[in-house]
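Visitor: Okay, handing you the structure first.
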Amino acid sequence: MTILVTGATGRVGRHVVDQLVQRGAKVRVLTRDPSKASFPAGVDVVQGELLDIDALRSAFKGVSTLFLLNAVTGDEFTQAIITLNIARESGVERVVYLSVFGADRSVNVPHFAVKSGAERMLEQMDFSATILRPSYFIDNEVMIKDVIFNYGVYPMPIGGKGVAMVDARDIAEVAAIELIRRDQAPGKLPIETINLVGPDTLTGSGVAAIWSEILDRPIAYGGDDPSGFEQNMATFMPKWTAYEMRLMAERYVTDGMIPEAGDVERLIKILGRPLHSYRDFAAALAEQQNPTA
């Protein structure tokens, strides 16, 4: 049977597709513009989006398992609920859903609340689901690398509680493993929730110290000021999105994203290897910036 992957052109989704193909799975993707997408040979591509009901129904034909990843948008909740309804209508009950760390606690952050609602639907409608709850993506640092390299400041207000940042490659590989486990199971498996975290729980000042060591010059932490962060974000994204990012940053400062006991060990066991570290990612990013250094 076929595994349907949504969000397949994004940072996580493209890795999920690659991981599934490497494991011999039959994969279908739903994408708005197939001409702009590049997938491995053998991947079935369906044009459409999550609110295109006809395309969605077509995409689910012959599908056994769903990977649901939908972007942070104003209609994210509608996308998630419609997709799960069409999945159920199509006879698909095996799902791996990409939620977010602490979705049930940070309910004032819109995209956290959305994911908490989708999690509740999976539970109430008795899907056979793995709910993946990733922490802050290490890969987000690509967006702020110029501030680090050019101004000597780490600008993300992640606070002093600690955030266990996770690499998109680790997220995707766990997702692929869970998709295949669900897909190949002889019967219905119970719902499971997996926290996706990195090997280190880092503070703002701790991240700045890592960058200082890697670049061999002082990198300062920009401080715990979500309001200033919002103002900066609003210069290149919609104001509602910038405000949402501020609300998320406030949660980093007040609560952090701290693994529960056993989270890291569980992921290492699933993957059969160590988790990717922030330091290694930062070192690779610095090397890309100045390969002759």
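To be explicit about the labels: the chains of the structure tokens are called A, B, and onward in the order shown, and within each one the residues are counted from 1, while ligands get numbers from 1 in the order they are shown.
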Skip stretch 5-18 of chain A itself and residues of its chain fewer than 5 positions away, then list as a list in words all residues within 6 Å of it, counting only C-alpha atoms.

Guide: Val29, Leu30, Phe67, Leu68, Leu69, Asn70, Ala168, Ala172 and Ala176 of chain A

Visitor: Would you mind listing what lies within 7 Å of stretch 184-197 of chain A as a PyMOL selection string, with only C-alpha atoms counted and same-chain residues fewer than 6 positions away left out?

Guide: chain A and resi 101+128-135+164-166+171+259+263-264

Visitor: Go ahead and write the residues just picked, C-alpha atoms, as a PDB file, in the first residue's frame.

Guide:
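Below is the file that was written, out-v3.pdb:
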ATOM      1  CA  PHE A 101       6.481  20.142  21.784  1.00  0.00           C
ATOM      2  CA  SER A 128      -4.129   4.644  14.866  1.00  0.00           C
ATOM      3  CA  ALA A 129      -1.651   7.501  15.229  1.00  0.00           C
ATOM      4  CA  THR A 130       1.836   8.469  16.241  1.00  0.00           C
ATOM      5  CA  ILE A 131       1.922  12.086  17.387  1.00  0.00           C
ATOM      6  CA  LEU A 132       5.370  13.611  16.956  1.00  0.00           C
ATOM      7  CA  ARG A 133       6.097  16.663  19.084  1.00  0.00           C
ATOM      8  CA  PRO A 134       9.296  18.356  17.913  1.00  0.00           C
ATOM      9  CA  SER A 135      11.056  21.061  19.870  1.00  0.00           C
ATOM     10  CA  ALA A 164      16.397  21.037  23.478  1.00  0.00           C
ATOM     11  CA  MET A 165      16.692  21.989  19.799  1.00  0.00           C
ATOM     12  CA  VAL A 166      16.167  19.149  17.309  1.00  0.00           C
ATOM     13  CA  ILE A 171      12.526  14.443  12.983  1.00  0.00           C
ATOM     14  CA  PRO A 259      12.843  17.016  27.593  1.00  0.00           C
ATOM     15  CA  ASP A 263      13.104  11.315  25.795  1.00  0.00           C
ATOM     16  CA  VAL A 264      16.663  11.425  24.455  1.00  0.00           C
TER      17      VAL A 264
END

Visitor: Restricting the calculation to only C-alpha atoms: of A:Val72, A:Ile180, A:Val92, A:Ala103, which residue gets closest to A:Val21?

Guide: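 Looking at the shortest contact to A:Val21, the residue is A:Ile180.
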
Visitor: Between A:Ile177, A:Val207, A:Leu247, A:Met143, which residue has the minimum interatomic distance to A:Val163, considering only C-alpha atoms?

Guide: A:Val207

Visitor: Do you know which residues are at most 9 Å from A:Ile144 counting only C-alpha atoms, after dropping those on the same chain fewer than 5 positions away, and could you put them as a list of chain:residue names?

Guide: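 Surrounding residues, per the criterion: A:Phe149, A:Tyr154, A:Pro155, A:Met156.
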